[in-house]
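Written below as C-alpha cells is the structure these notes are about.
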2 protein chains.
Amino acid sequence: MTDLERMGAAAKAASRVLAMADTEAKNRALDAIAQALNRQGDRWLAANREDLEAARAQGMAPALLDRLALTPERVAGVAQGLGQVAALPDPVGVVDRTVARPNGLVIERRRTPLGVVGIIYEARPNVTVDAAALCLKSGNACILRGGREALASNRAAVELMRQAIASVGLPPDCVSLVADPSRESARQLMHLDRYLDVLIPRGGAGLIRAVAQNASVPVIRTGEGVCHVYVDSAADLDMGAAILVNAKCSRPSVCNAAECLLVHQSVAEAFLSRAVPLLDPYAVELRCDPRALALLGDRAVPAREEDWGAEYGGYTLAVRVVDSLKEAVDFVNRYGTGHSECIVTQNREAAEFFLSAVDAAAVYVNASTRFTDGGEFGLGAEIGISTQKLHARGPMGLEELTSYKYLVRGQGQTR
Amino acid sequence: MTDLERMGAAAKAASRVLAMADTEAKNRALDAIAQALNRQGDRWLAANREDLEAARAQGMAPALLDRLALTPERVAGVAQGLGQVAALPDPVGVVDRTVARPNGLVIERRRTPLGVVGIIYEARPNVTVDAAALCLKSGNACILRGGREALASNRAAVELMRQAIASVGLPPDCVSLVADPSRESARQLMHLDRYLDVLIPRGGAGLIRAVAQNASVPVIRTGEGVCHVYVDSAADLDMGAAILVNAKCSRPSVCNAAECLLVHQSVAEAFLSRAVPLLDPYAVELRCDPRALALLGDRAVPAREEDWGAEYGGYTLAVRVVDSLKEAVDFVNRYGTGHSECIVTQNREAAEFFLSAVDAAAVYVNASTRFTDGGEFGLGAEIGISTQKLHARGPMGLEELTSYKYLVRGQGQTR
C-alpha cells in the first residue's frame, strides 16, 4: 500500500462514520475549528510566513504572493465562514421522493454524502479550510492536495482541523492533506478509484484539463470561464454598457468575468461609442473582428482566431459584430465554456430564445455574468462552479456535494 | 477530422435542435419509429438473421445467440416500448426551483438535456432502439457503439430510426451508429470530449471497468452487481429463504441478482436447513466460509478469498456466517459494488441501521434485490443502473438523462 492508499483507506473509514453523524455533531466540529482558528490562528499565520518567505526568495509575482498571504483579517474571515456553513441546512438525510408501489414496496430516495471527496488546488491557503468545511457539513471526508508553495500553511490548517474534529468525537481522518504535493501525488490521486468518490480540481485551466483528461476517478470540472456579453439590436445601450463594464472590469481574474463582447450590427456603432469610453479607465485592450475594428480604429487591435474562446483573466476583451441573434447564440455555443452567458435586450422573445438556446450553466438576461456564485445564487457557499453537465452544473453548494440512495421497505416481496 | 469526430460534430449540431424540440415533436418521432418497426420490422429481422448466421458459424454459445436473436415478438415488444416511452412525462423544460434574490434577480433552475450521450454496449440489438428512444425523449442526441456481432442488426435499426426521425422534421443525426465497432473506435469514443457530454457503458464488468479507467469523457458506471442478502438474528426465516431463492435464482445473470448470503450465527443452522433445500432444484453451488461449511457438509464447497465480491452471474452462491449486524454491514460495504443490498429482519432498529449504514444505490428491508429496476421503481423505463455516486445512482430513467441550467432575469443588475 502506498502512503496515499493508506490515506484513502483511512478517509473511507472516516467517511462511513461521518455519513452517520447528525447535524449537531457536524456543526460542533465546525464550531471547534472556528474556535481553534480564533485562539490558535497565530500558528497558521506563522506557517504562512514560512511559505511567503520561501515564495519571495523564489521570486513569486506580487499577485500570486497576495493570493498566498494570510492576514489576521483573512483568518478571522475564514473563521466567520465556518459559522455561516454551520448555519446552512444539512442536505444529508433529506427524503426528496417517496413512492408506494402497487406490490406494497415503499421506496424512499434519501440524500447521502458522496463519500470521500478529493480536491486538487493551487496557492490560496484559505481554500484548505473553506473546502474542508463544506465537505464536513455535507458528510464527506476529504483529501486535500494543495500547492507546494502553500505546504506549511496547509499543514498547519489541517493539523488544527484534525485536532478540532477529534475534540468533538468525530474521526480526524475526515480531513487529510497529501504530504507531498508533487505531480506524482496528483497522478496517484487521479487513480485512487477504490477510495475516492469524486475529484474536484480547483485552479487554472491547465490543471483542470489535465485532471479531466487523466483521472479515472469521476471528476467535476469547475471554473473554466469564457463568458460572453451579447448586446442585441433591441438592447438598452446604457444598460448594456454598464453590464459590460461590470462583467469585464469588476474582477477580471475570476471565472465569471466576461472575455468577449458580441454586438448586433444594427447597434454596433452606437453601442461601442457609449461603452468604450467607460472601459478606458481600466485600459482594456480591445481585440476586434474587422467590423468592430473599422468602428474603433486606433483604439483597438485586430483579433486573431485564438482570441475567440480565450480566457484572458485580465483587462483584455475580444469584440465581434454579429448579424443576428442566431449568429450570437451559435458563436457562444461554439466558443464558450458553458459557464455564464448574457444577452442585453428589451425584446422578450429574443431573451427567451437566448435563454433556451444557449448551452451554459447560467444564462442571463440584462444582468452581469459576475453573479454566477454560490452566495449570489442563495446557496450560502460554494466549493466551485461546475461547467460540466454531469452531476452538478453551475455553483456547487452543500446539496451538490451529495448523492442519494433508495431505501426500499417490504414485507417479503419477491419478483 | 476523423470519421468519429465528424459524427460527433453532427450529433452535437443535432442535439442543439433536439434540445429545443417540444414534447409533441419528440413523441411524433418515437411514434414514427414504432410505426416503421411495425411495418418494416422484417428488414431488421433479416439483418439479424445475417448476424445470427455469422455468429453460429463462429461457434457462439447458445445463451449468447439467444441474446443476439430478434423474433417478431421481440420486435413488437420493442415497438410497444417506444409507445411507453412516448407516454412518459418529458423532464426537459421543467423548472424545479425559482429564487427571487434581494437585488431583484429572478433565478430559475430549468431541466435541460445532457447533450450528446455515447453508449457502448454488447450483443443485444434491442438495446439499440431502447436506448435511442430514451435519449430522444430526454432531448439527447446519441452515438451508439454496439457489438461487432450485432452490426448488421444495429445498422438496420439505426437506418430505420434515422428515416423515421427525419420524416417528422427532426435531424436524423439525433441517432448515429459507429460504423466500425473495433477497439479503436471504442477508444476514440472515450476521448471525444469535444462532442460527447457523457458515456454510458452497458455490458460486462470488464467493459465497464475499461471505459471508466480510460475515458476522459465523463462516464456513468452501470450494472456491476455484487449484491448480498443478510439474514439477521431477528429474521423471519421463511421470508428470508423465499427472498434468497428469488434474489439468487429468478434470473441469476442480471446485475440485481444476489451473489452472497450472509447469515447471523444465532440463526445460521436453522436458516440454512430451511433455505438450502429450496435452492436444490436450481443446483446452486454453495461456496462457504468454514462455519457455514461445518453446517452444510457435503452439500457445499469451501469459499476462497476471491469468492467474496465475485459476480458469478450464474447458479453459484457465496455463504458466510457473521457474528453481528455490524460485521454484515462492514462486509457488504467492503465487498459489494454499491448496487443492491438486502437485510431480512423483523427488528426495526436493525433495519434502520442497515438502511443508513450500507453504502449502495438501493438498500432493501425484507424484499428481494431483484426489484432494482427502472420499471419496478416507477420510472417507466431505464437506460441502466448506476453504481456510482456522481450524477445518478440506481435505476436511470428520463430525468437521470438530463442536466439543468440556471436562467437569470434582471433589469440591469451589476455586482
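Starting from 1 in every chain, residues are counted up; chains themselves are A, B, ... following the order of the C-alpha cells, and ligands are numbered from 1 as listed.
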With a distance cut-off of 8 Å and only C-alpha atoms, select the neighbouring residues of B:Met239, excluding the residue or stretch itself and same-chain residues fewer than 6 positions from it, and output the selection as a PDB file with N, CA, C and O atoms, in the first residue's frame.
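Just written: selection.pdb:
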```
ATOM      1  N   GLY A 412     -41.516  -9.015   2.558  1.00  0.00           N
ATOM      2  CA  GLY A 412     -41.230 -10.325   1.975  1.00  0.00           C
ATOM      3  C   GLY A 412     -41.452 -10.398   0.474  1.00  0.00           C
ATOM      4  O   GLY A 412     -41.437 -11.484  -0.104  1.00  0.00           O
TER       5      GLY A 412
ATOM      6  N   VAL B 344     -32.841  -9.083   5.921  1.00  0.00           N
ATOM      7  CA  VAL B 344     -34.108  -9.697   6.301  1.00  0.00           C
ATOM      8  C   VAL B 344     -34.160  -9.659   7.817  1.00  0.00           C
ATOM      9  O   VAL B 344     -33.289 -10.242   8.483  1.00  0.00           O
ATOM     10  N   ASN B 366     -36.424  -6.689   3.897  1.00  0.00           N
ATOM     11  CA  ASN B 366     -37.470  -7.701   3.658  1.00  0.00           C
ATOM     12  C   ASN B 366     -38.045  -7.678   2.244  1.00  0.00           C
ATOM     13  O   ASN B 366     -39.268  -7.756   2.059  1.00  0.00           O
TER      14      ASN B 366
END
```
Exercise. Counting only C-alpha atoms, what is within 10 Å of B:Ala310, bar same-chain residues fewer than 6 positions away, as a list in words?
Worked result: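 The filter keeps Gly225, Val226, Cys227, Glu259, Cys260, Thr316, Leu317, Ala318, Tyr335, Gly336 and Thr337 of chain B.
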For this session: Considering only C-alpha atoms, return as a PyMOL selection string whatever protein or nucleic-acid residues lie within 9 Å of B:Ala381, sequence-local ones (same chain, fewer than 2 positions apart) excluded.
Result: chain B and resi 81+84-85+88+134+373-376+378-379+383+395-398
Just-selected residues, C-alpha atoms written as a compact mmCIF listing (two decimals), in the first residue's frame:
```
# COMPACT_ATOMS: atom_id res chain seq x y z
CA GLY B 81 -41.71 0.03 -25.53
CA GLN B 84 -44.43 3.54 -23.31
CA VAL B 85 -41.53 5.99 -23.55
CA LEU B 88 -43.77 9.17 -20.00
CA LEU B 134 -34.82 7.18 -24.02
CA ASP B 373 -35.11 -1.74 -11.96
CA GLY B 374 -36.50 1.40 -13.56
CA GLY B 375 -39.87 -0.20 -14.23
CA GLU B 376 -40.19 -1.64 -10.72
CA GLY B 378 -41.88 3.52 -11.21
CA LEU B 379 -39.52 5.36 -13.57
CA ILE B 383 -31.11 3.14 -19.57
CA PRO B 395 -32.06 2.99 -11.98
CA MET B 396 -31.64 5.79 -14.53
CA GLY B 397 -34.81 6.91 -16.26
CA LEU B 398 -35.51 10.01 -18.32
```
Exercise. From the set B:Arg162, B:Arg209, B:Arg291, B:Arg6, which residue has the shortest atom-to-atom contact distance to B:Leu30, counting only C-alpha atoms?
Worked result: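 So, comparing all the options, the nearest one is B:Arg162.
In terms of minimum interatomic distance to chain B, A:Asp22 ranks closest within A:Asp298, A:Asp130, A:Asp22, A:Glu305, counting only C-alpha atoms.
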Exercise. What does the distance between atom CA of A:Leu82 and atom CA of A:Ala34 come to in Å, to one decimal place?
Worked result: 6.1 Å
For this session: Check stretch 95-324 of chain B with DSSP on the backbone and list each residue it calls strand (DSSP E), as a PyMOL selection string.
Result: chain B and resi 95-100+106-113+116-120+141-145+175-177+198-201+227-231+258-264+285-288+301-302+316-322
Exercise. How would you write, as a VMD selection string, the set of residues in stretch 204-397 of chain A that DSSP gives as alpha helix (DSSP H)?
Worked result: chain A and resid 205 to 214 237 to 249 268 to 279 290 to 296 325 to 335 348 to 357
Problem set entry | Nearby residues (only C-alpha atoms) at most 12 Å from B:Glu50, same-chain spacing under 6 positions excluded, as a list in words |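 Using only C-alpha atoms, the neighbours found are Arg43, Trp44, Arg56, Ala57, Leu68, Ala69, Leu70, Glu149, Ala150, Leu151, Ala152, Ser153, Asn154, Arg155 and Ala156 of chain B.
For the residues B:Ile385, B:Leu52, B:Val358, B:Ala275, ranking by smallest atom-to-atom distance to chain A using only C-alpha atoms places B:Val358 first.
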Problem set entry | Counting only C-alpha atoms, the residue of A:Arg124, A:Arg148, A:Arg287, A:Lys12 that sits nearest chain B | A:Lys12
